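Data from run-v1.pdb: PDB, C-alpha atoms
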```
MODEL        1
ATOM      1  CA  MET A  20      -2.972 -14.789  29.616
ATOM      2  CA  ASN A  21      -4.330 -18.172  30.612
ATOM      3  CA  LYS A  22      -6.136 -17.842  33.943
ATOM      4  CA  SER A  23      -6.050 -21.550  34.675
ATOM      5  CA  ASN A  24      -3.053 -23.773  35.371
ATOM      6  CA  LYS A  25      -5.148 -26.927  35.142
ATOM      7  CA  THR A  26      -4.251 -29.128  32.172
ATOM      8  CA  PRO A  27      -7.378 -30.093  30.220
ATOM      9  CA  GLU A  28      -8.182 -33.779  30.209
ATOM     10  CA  ILE A  29      -8.608 -35.760  27.009
ATOM     11  CA  ASP A  30     -11.991 -37.483  26.773
ATOM     12  CA  PRO A  31     -11.069 -41.088  25.838
ATOM     13  CA  SER A  32     -14.627 -41.693  24.590
ATOM     14  CA  VAL A  33     -14.031 -39.141  21.832
ATOM     15  CA  VAL A  34     -10.255 -39.134  21.361
ATOM     16  CA  THR A  35      -8.918 -42.652  21.651
ATOM     17  CA  ASP A  36      -5.389 -44.000  21.962
ATOM     18  CA  LEU A  37      -5.687 -46.327  18.963
ATOM     19  CA  PRO A  38      -3.222 -46.149  16.045
ATOM     20  CA  ALA A  39      -4.067 -46.540  12.369
ATOM     21  CA  ASP A  40      -3.923 -49.956  10.742
ATOM     22  CA  THR A  41      -1.256 -49.371   8.101
ATOM     23  CA  SER A  42      -2.136 -52.671   6.393
ATOM     24  CA  SER A  43      -5.780 -51.779   5.735
ATOM     25  CA  SER A  44      -7.045 -51.123   2.213
ATOM     26  CA  LEU A  45      -8.370 -47.698   3.269
ATOM     27  CA  TYR A  46      -4.974 -46.717   4.635
ATOM     28  CA  LYS A  47      -3.301 -47.788   1.392
ATOM     29  CA  GLN A  48      -5.890 -45.842  -0.592
ATOM     30  CA  TYR A  49      -5.083 -42.631   1.305
ATOM     31  CA  LYS A  50      -1.367 -43.361   0.986
ATOM     32  CA  ARG A  51      -1.756 -43.350  -2.788
ATOM     33  CA  SER A  52      -4.103 -40.385  -3.068
ATOM     34  CA  LEU A  53      -2.988 -37.880  -0.407
ATOM     35  CA  ILE A  54      -0.082 -35.584  -1.186
ATOM     36  CA  ARG A  55       2.237 -34.970   1.767
ATOM     37  CA  PHE A  56       4.802 -32.212   1.563
ATOM     38  CA  PRO A  57       8.327 -32.266   3.085
ATOM     39  CA  ASP A  58       8.383 -31.568   6.857
ATOM     40  CA  GLU A  59       4.673 -32.361   7.044
ATOM     41  CA  ALA A  60       2.676 -35.001   8.897
ATOM     42  CA  ILE A  61      -0.947 -35.944   8.239
ATOM     43  CA  TYR A  62      -3.600 -37.743  10.236
ATOM     44  CA  ILE A  63      -7.186 -38.758   9.491
ATOM     45  CA  TYR A  64      -9.405 -39.537  12.459
ATOM     46  CA  SER A  65     -12.728 -41.371  12.271
ATOM     47  CA  PHE A  66     -15.407 -40.358  14.774
ATOM     48  CA  LYS A  67     -17.395 -43.441  13.789
ATOM     49  CA  GLU A  68     -14.534 -45.857  14.468
ATOM     50  CA  LYS A  69     -13.046 -43.598  17.171
ATOM     51  CA  LYS A  70      -9.511 -44.131  15.982
ATOM     52  CA  LEU A  71      -6.919 -42.924  13.529
ATOM     53  CA  ILE A  72      -7.452 -44.477  10.120
ATOM     54  CA  TYR A  73      -4.454 -42.793   8.529
ATOM     55  CA  ALA A  74      -1.102 -41.404   9.695
ATOM     56  CA  ASP A  75       1.850 -40.370   7.573
ATOM     57  CA  GLY A  76       5.069 -38.438   8.240
ATOM     58  CA  TRP A  77       5.078 -38.584  12.029
ATOM     59  CA  GLU A  78       8.482 -40.187  12.461
ATOM     60  CA  GLU A  79      10.070 -37.391  10.412
ATOM     61  CA  THR A  80       8.278 -34.642  12.314
ATOM     62  CA  LEU A  81       7.702 -35.799  15.910
ATOM     63  CA  GLY A  82       9.698 -39.037  16.090
ATOM     64  CA  PHE A  83       6.776 -41.496  16.288
ATOM     65  CA  LYS A  84       6.236 -44.259  13.741
ATOM     66  CA  ASP A  85       3.077 -44.007  11.680
ATOM     67  CA  ASP A  86       1.795 -47.347  13.006
ATOM     68  CA  GLU A  87       2.181 -46.245  16.646
ATOM     69  CA  ILE A  88       1.102 -42.589  16.665
ATOM     70  CA  THR A  89      -2.405 -41.920  18.031
ATOM     71  CA  LEU A  90      -4.562 -38.820  18.258
ATOM     72  CA  GLN A  91      -4.031 -38.760  22.015
ATOM     73  CA  THR A  92      -0.270 -38.790  21.450
ATOM     74  CA  ILE A  93      -0.485 -35.970  18.911
ATOM     75  CA  ILE A  94      -2.451 -33.881  21.407
ATOM     76  CA  LYS A  95      -0.143 -34.719  24.309
ATOM     77  CA  GLN A  96       2.961 -33.723  22.323
ATOM     78  CA  THR A  97       1.951 -30.065  22.682
ATOM     79  CA  ASP A  98       4.148 -27.709  24.693
ATOM     80  CA  ALA A  99       2.688 -27.040  28.148
ATOM     81  CA  SER A 100       2.272 -23.323  27.431
ATOM     82  CA  TYR A 101      -0.014 -24.125  24.485
ATOM     83  CA  VAL A 102      -1.968 -27.133  25.801
ATOM     84  CA  SER A 103      -5.009 -25.319  27.225
ATOM     85  CA  PHE A 104      -5.274 -23.012  24.212
ATOM     86  CA  ALA A 105      -5.038 -25.911  21.744
ATOM     87  CA  HIS A 106      -7.619 -27.909  23.714
ATOM     88  CA  GLU A 107     -10.059 -24.988  23.831
ATOM     89  CA  ILE A 108      -9.838 -24.079  20.161
ATOM     90  CA  ASN A 109     -10.167 -27.725  19.104
ATOM     91  CA  ALA A 110     -13.215 -28.316  21.295
ATOM     92  CA  LYS A 111     -15.035 -25.120  20.340
ATOM     93  CA  THR A 112     -14.292 -25.561  16.643
ATOM     94  CA  ILE A 113     -15.780 -29.060  16.549
ATOM     95  CA  GLU A 114     -18.749 -27.847  18.611
ATOM     96  CA  PHE A 115     -19.373 -24.982  16.178
ATOM     97  CA  ILE A 116     -19.044 -27.154  13.082
ATOM     98  CA  LEU A 117     -21.387 -29.803  14.490
ATOM     99  CA  SER A 118     -24.017 -27.089  15.008
ATOM    100  CA  LYS A 119     -24.102 -26.438  11.253
ATOM    101  CA  LYS A 120     -26.568 -28.232   9.022
ATOM    102  CA  THR A 121     -24.940 -27.513   5.681
ATOM    103  CA  GLY A 122     -21.487 -26.811   4.265
ATOM    104  CA  ILE A 123     -19.699 -28.643   7.066
ATOM    105  CA  LYS A 124     -16.840 -29.746   4.805
ATOM    106  CA  ASN A 125     -16.033 -26.107   4.045
ATOM    107  CA  TYR A 126     -15.028 -25.302   7.640
ATOM    108  CA  SER A 127     -11.492 -25.529   9.016
ATOM    109  CA  PHE A 128      -9.096 -23.716  11.301
ATOM    110  CA  THR A 129      -5.379 -23.032  11.365
ATOM    111  CA  VAL A 130      -3.189 -22.506  14.390
ATOM    112  CA  GLU A 131       0.503 -22.135  15.161
ATOM    113  CA  LEU A 132       1.679 -24.437  17.945
ATOM    114  CA  LYS A 133       4.751 -25.499  19.835
ATOM    115  CA  LYS A 134       4.879 -29.278  19.587
ATOM    116  CA  ILE A 135       7.327 -31.535  21.406
ATOM    117  CA  HIS A 136       9.419 -34.100  19.539
ATOM    118  CA  ARG A 137       9.838 -37.537  21.075
ATOM    119  CA  ASP A 138      13.428 -36.581  21.932
ATOM    120  CA  GLY A 139      12.178 -33.594  23.950
ATOM    121  CA  SER A 140      13.073 -30.851  21.482
ATOM    122  CA  MET A 141      10.579 -28.129  20.542
ATOM    123  CA  VAL A 142       9.061 -28.245  17.055
ATOM    124  CA  PRO A 143       7.326 -25.104  15.686
ATOM    125  CA  MET A 144       4.338 -26.185  13.617
ATOM    126  CA  GLU A 145       1.623 -24.693  11.449
ATOM    127  CA  VAL A 146      -1.475 -26.816  11.873
ATOM    128  CA  LYS A 147      -4.622 -27.024   9.768
ATOM    129  CA  ILE A 148      -7.616 -29.092  10.893
ATOM    130  CA  GLY A 149     -10.540 -29.627   8.543
ATOM    131  CA  ILE A 150     -13.473 -31.880   7.765
ATOM    132  CA  LEU A 151     -12.659 -34.636   5.283
ATOM    133  CA  SER A 152     -16.051 -36.350   5.072
ATOM    134  CA  VAL A 153     -19.557 -36.364   6.518
ATOM    135  CA  ASP A 154     -22.023 -39.237   6.902
ATOM    136  CA  GLU A 155     -25.446 -39.657   5.298
ATOM    137  CA  ASP A 156     -26.994 -37.522   8.054
ATOM    138  CA  GLY A 157     -24.589 -34.656   7.391
ATOM    139  CA  MET A 158     -22.599 -35.225  10.571
ATOM    140  CA  VAL A 159     -18.794 -35.174  10.737
ATOM    141  CA  ASN A 160     -17.303 -38.567   9.961
ATOM    142  CA  HIS A 161     -13.589 -37.981   9.282
ATOM    143  CA  ILE A 162     -11.377 -35.032  10.203
ATOM    144  CA  ILE A 163      -7.986 -34.417   8.641
ATOM    145  CA  GLY A 164      -5.045 -32.703  10.274
ATOM    146  CA  ARG A 165      -1.955 -31.388   8.522
ATOM    147  CA  PHE A 166       1.042 -30.458  10.699
ATOM    148  CA  ARG A 167       3.879 -28.670   8.926
ATOM    149  CA  ILE A 168       7.199 -27.812  10.546
ATOM    150  CA  ASN A 169       8.229 -24.192   9.995
ATOM    151  CA  ARG A 170      11.710 -23.540  11.360
ATOM    152  CA  ASN A 171      11.290 -19.814  10.633
ATOM    153  CA  LEU A 172       8.245 -19.612  12.886
ATOM    154  CA  HIS A 173       8.896 -17.596  16.052
ATOM    155  CA  LEU A 174       6.406 -18.558  18.729
ATOM    156  CA  GLY A 175       6.214 -16.197  21.675
ATOM    157  CA  MET A 176       3.520 -15.644  24.262
ATOM    158  CA  VAL A 177       0.888 -14.533  21.716
ATOM    159  CA  MET A 178      -0.960 -17.450  20.128
ATOM    160  CA  ARG A 179      -2.070 -17.083  16.520
ATOM    161  CA  TYR A 180      -5.013 -18.728  14.807
ATOM    162  CA  ASP A 181      -7.491 -18.306  11.978
ATOM    163  CA  VAL A 182     -10.831 -19.838  11.026
ATOM    164  CA  HIS A 183     -12.273 -20.547   7.595
ATOM    165  CA  GLY A 184     -15.763 -21.317   6.320
ATOM    166  CA  PRO A 185     -19.023 -19.959   4.896
ATOM    167  CA  ASP A 186     -19.993 -18.242   8.167
ATOM    168  CA  LYS A 187     -16.466 -17.013   8.897
ATOM    169  CA  GLU A 188     -17.608 -13.955  10.860
ATOM    170  CA  GLU A 189     -19.883 -15.983  13.162
ATOM    171  CA  PHE A 190     -17.244 -18.720  13.427
ATOM    172  CA  GLU A 191     -14.589 -16.208  14.465
ATOM    173  CA  LYS A 192     -16.855 -14.591  17.074
ATOM    174  CA  VAL A 193     -17.449 -17.971  18.713
ATOM    175  CA  ILE A 194     -13.750 -18.855  18.765
ATOM    176  CA  ASN A 195     -12.694 -15.356  19.881
ATOM    177  CA  LYS A 196     -14.988 -15.639  22.885
ATOM    178  CA  ALA A 197     -13.740 -19.132  23.686
ATOM    179  CA  VAL A 198     -10.054 -18.165  23.682
ATOM    180  CA  GLN A 199     -10.304 -14.657  25.162
ATOM    181  CA  LYS A 200      -8.724 -15.898  28.408
ATOM    182  CA  PHE A 201      -5.509 -16.501  26.449
ATOM    183  CA  LEU A 202      -3.152 -14.008  24.833
ATOM    184  CA  THR A 203      -4.193 -14.460  21.204
ATOM    185  CA  ILE A 204      -4.635 -12.774  17.848
ATOM    186  CA  SER A 205      -6.922 -13.947  15.058
ATOM    187  CA  GLY A 206      -6.243 -13.947  11.346
ATOM    188  CA  LYS A 207      -8.558 -10.965  10.772
ATOM    189  CA  GLU A 208      -6.940  -8.965  13.565
ATOM    190  CA  LYS A 209      -3.454  -9.741  12.295
ATOM    191  CA  GLU A 210      -4.459  -8.781   8.749
ATOM    192  CA  ALA A 211      -5.657  -5.344   9.887
ATOM    193  CA  LEU A 212      -2.603  -4.889  12.111
ATOM    194  CA  LYS A 213      -0.288  -5.462   9.139
ATOM    195  CA  TYR A 214      -1.809  -2.426   7.435
ATOM    196  CA  VAL A 215      -1.603  -0.353  10.622
ATOM    197  CA  ALA A 216       2.127  -1.125  10.759
ATOM    198  CA  LYS A 217       2.444   0.221   7.195
ATOM    199  CA  GLY A 218       0.899   3.530   8.280
ATOM    200  CA  TYR A 219      -2.564   3.045   6.777
ATOM    201  CA  SER A 220      -5.530   4.823   8.393
ATOM    202  CA  PHE A 221      -8.560   2.768   9.437
ATOM    203  CA  LYS A 222     -10.446   4.095   6.401
ATOM    204  CA  GLU A 223      -7.611   3.138   4.063
ATOM    205  CA  ILE A 224      -7.462  -0.347   5.581
ATOM    206  CA  ALA A 225     -11.235  -0.656   5.213
ATOM    207  CA  ASP A 226     -10.982   0.302   1.536
ATOM    208  CA  GLU A 227      -8.239  -2.301   0.986
ATOM    209  CA  LEU A 228     -10.222  -5.068   2.667
ATOM    210  CA  GLY A 229     -13.662  -4.072   1.406
ATOM    211  CA  VAL A 230     -15.222  -3.512   4.830
ATOM    212  CA  SER A 231     -16.295  -0.496   6.873
ATOM    213  CA  ALA A 232     -13.928   1.638   8.936
ATOM    214  CA  SER A 233     -15.896   0.669  12.053
ATOM    215  CA  ALA A 234     -15.219  -3.004  11.262
ATOM    216  CA  ILE A 235     -11.485  -2.278  11.265
ATOM    217  CA  GLU A 236     -11.816  -0.360  14.519
ATOM    218  CA  LYS A 237     -13.549  -3.385  16.060
ATOM    219  CA  ARG A 238     -10.580  -5.529  15.046
ATOM    220  CA  ILE A 239      -7.921  -3.197  16.410
ATOM    221  CA  GLN A 240      -9.465  -1.666  19.546
ATOM    222  CA  PRO A 241      -9.716  -4.942  21.562
ATOM    223  CA  LEU A 242      -5.964  -5.443  21.093
ATOM    224  CA  TYR A 243      -5.178  -2.424  23.306
ATOM    225  CA  LYS A 244      -6.650  -4.072  26.395
ATOM    226  CA  ARG A 245      -5.601  -7.587  25.431
ATOM    227  CA  PHE A 246      -1.941  -6.655  24.986
ATOM    228  CA  ASN A 247      -1.942  -3.864  27.610
ATOM    229  CA  VAL A 248      -0.814  -1.143  25.182
ATOM    230  CA  LYS A 249      -1.800   2.539  25.153
ATOM    231  CA  ASN A 250      -1.701   3.584  21.502
ATOM    232  CA  LEU A 251      -1.137   2.391  17.931
ATOM    233  CA  THR A 252       2.609   2.986  18.074
ATOM    234  CA  HIS A 253       2.880   0.865  21.203
ATOM    235  CA  LEU A 254       0.639  -1.793  19.625
ATOM    236  CA  VAL A 255       2.797  -2.063  16.492
ATOM    237  CA  SER A 256       5.952  -2.198  18.612
ATOM    238  CA  PHE A 257       4.419  -4.979  20.722
ATOM    239  CA  ALA A 258       3.486  -6.864  17.553
ATOM    240  CA  TYR A 259       7.058  -6.835  16.264
ATOM    241  CA  GLU A 260       8.573  -7.666  19.649
ATOM    242  CA  ASN A 261       6.280 -10.696  19.989
ATOM    243  CA  TYR A 262       6.700 -11.995  16.438
ATOM    244  CA  ILE A 263       3.088 -11.245  15.429
ATOM    245  CA  LEU A 264       4.457  -9.228  12.526
ATOM    246  CA  PRO A 265       7.580 -10.290  10.584
TER     247      PRO A 265
ENDMDL
END
```

Before we go any further, please render this structure as structure tokens.
Amino acid sequence: MNKSNKTPEIDPSVVTDLPADTSSSLYKQYKRSLIRFPDEAIYIYSFKEKKLIYADGWEETLGFKDDEITLQTIIKQTDASYVSFAHEINAKTIEFILSKKTGIKNYSFTVELKKIHRDGSMVPMEVKIGILSVDEDGMVNHIIGRFRINRNLHLGMVMRYDVHGPDKEEFEKVINKAVQKFLTISGKEKEALKYVAKGYSFKEIADELGVSASAIEKRIQPLYKRFNVKNLTHLVSFAYENYILP
């Protein structure tokens, strides 16, 4: 559970309130080349220009026109119960990626969030943030965010996320530590828990996933304390009750 009621502040020197120029040649280039799926919105943010350089689908998803939406607005349209978590995972992910010297474009993270439509209604979204381009020095230049509405997504008090990249294990350790003050479950933990719910032993799960039994134990054991459960049966029951498992 979040131990702080203080809403994180947005650093305007990093995340500006400037919309994309929909008349620019770069915008038109992305409009032609990027595929956007139904119920999806996309943004591209430039750290060099410190503004959105592309926005598409935001009126259909959150009620804001593409030429008025800004990264600050996208962040602010997060449900209050998810704001601190979203801020923390965003900040730590960028910090981790910037610490890497190679393979930066191969890192990304996914998270399920409650977003707020302009009309005040709640919008359940699956979000993926990744690196679109790097500069000549190997530093992040553009990030891309894809926000897809999933009406079948049940968002309770447990926040779900996953990380992706060459050093996935190290990446996950960093993010796990950063978000441990919240009630969360990572992609790896959820994957192992799915097998537990099917009645698999730790060894059987390890064989399925190609890891050691101790690795599976390290994924499952922390969930007892985190979710305040006493045994595997209680843990699986908690997972179903809180929409972690379908």

Any chance you could work out the residue set of the PyMOL selection byres ((chain A and resi 57) around 12) here, as a ChimeraX atom specification?
/A:54-56,58-61,75-77,79-80,165-169

Output the residue selection produced by the PyMOL selection byres ((chain A and resi 177) around 8) on the file above, formatted as a ChimeraX atom specification.
/A:174-176,178-179,202-204,261,263

For the residues in the current selection, export C-alpha atoms as a compact mmCIF listing (two decimals), keeping the file's coordinate frame.
```txt
# COMPACT_ATOMS: atom_id res chain seq x y z
CA LEU A 174 6.41 -18.56 18.73
CA GLY A 175 6.21 -16.20 21.68
CA MET A 176 3.52 -15.64 24.26
CA MET A 178 -0.96 -17.45 20.13
CA ARG A 179 -2.07 -17.08 16.52
CA LEU A 202 -3.15 -14.01 24.83
CA THR A 203 -4.19 -14.46 21.20
CA ILE A 204 -4.64 -12.77 17.85
CA ASN A 261 6.28 -10.70 19.99
CA ILE A 263 3.09 -11.24 15.43
```

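For the set A:Lys47, A:His106, A:Lys209, A:Lys134, the residue with the smallest atom-to-atom gap to Ile93 of chain A is A:Lys134, counting only C-alpha atoms.
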
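Residues in contact range of Tyr243 of chain A, defined as at most 10 Å between only C-alpha atoms, with sequence neighbours fewer than 5 positions away removed, read A:Val248, A:Lys249, A:Asn250, A:Leu251, A:His253, A:Leu254.
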
Target residues per the PyMOL selection byres ((chain A and resi 32-41) around 8), formatted as a PyMOL selection string
chain A and resi 29-31+42-43+46-47+66+69-74+85-92

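Distance annotation: of A:Leu172, A:Leu45, A:Ile123, A:Val193, the residue with the minimal separation from Glu107 of chain A is A:Val193; atom set is all atoms listed in the file.
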
Local residues around (-4.7, -16.7, 25.7), at most 7 Å away, using only C-alpha atoms, as a PyMOL selection string
chain A and resi 20-21+104+178+198-203

Considering all atoms listed in the file, return as an NGL selection string whatever protein or nucleic-acid residues lie within 10 Å of segment 212-214 of chain A, sequence-local ones (same chain, fewer than 6 positions apart) excluded.
:A and (204 or 206 or 220-221 or 223-225 or 227 or 235 or 238-239 or 242 or 251 or 254-255 or 258 or 263-265)

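Atom to atom, atom CA of Val182 of chain A and atom CA of Leu151 of chain A stand 16.0 Å apart.
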
Each side padded by 5 Å, which centre and which edge lengths in Å (one decimal) define the axis-aligned box around the listed atoms of segment 136-140 of chain A? Give them as AutoDock Vina command-line options.
```
--center_x 11.4 --center_y -34.2 --center_z 21.7 --size_x 14.0 --size_y 16.7 --size_z 14.4
```

Residue among A:Thr112, A:Thr97, A:Ser127, A:Ser44 lying closest to Lys192 of chain A, counting all atoms listed in the file
A:Thr112

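Close contacts of Ala234 of chain A, defined as residues with an atom at most 12 Å away when counting only C-alpha atoms, with chain neighbours fewer than 6 positions off set aside, comprise Glu188, Lys207, Glu208, Ala211, Phe221, Lys222, Ile224, Ala225, Asp226, Leu228, Gln240 and Pro241 of chain A.
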
So what do you get for atom CA of His161 of chain A versus atom CA of Ile63 of chain A, distance-wise?
6.5 Å
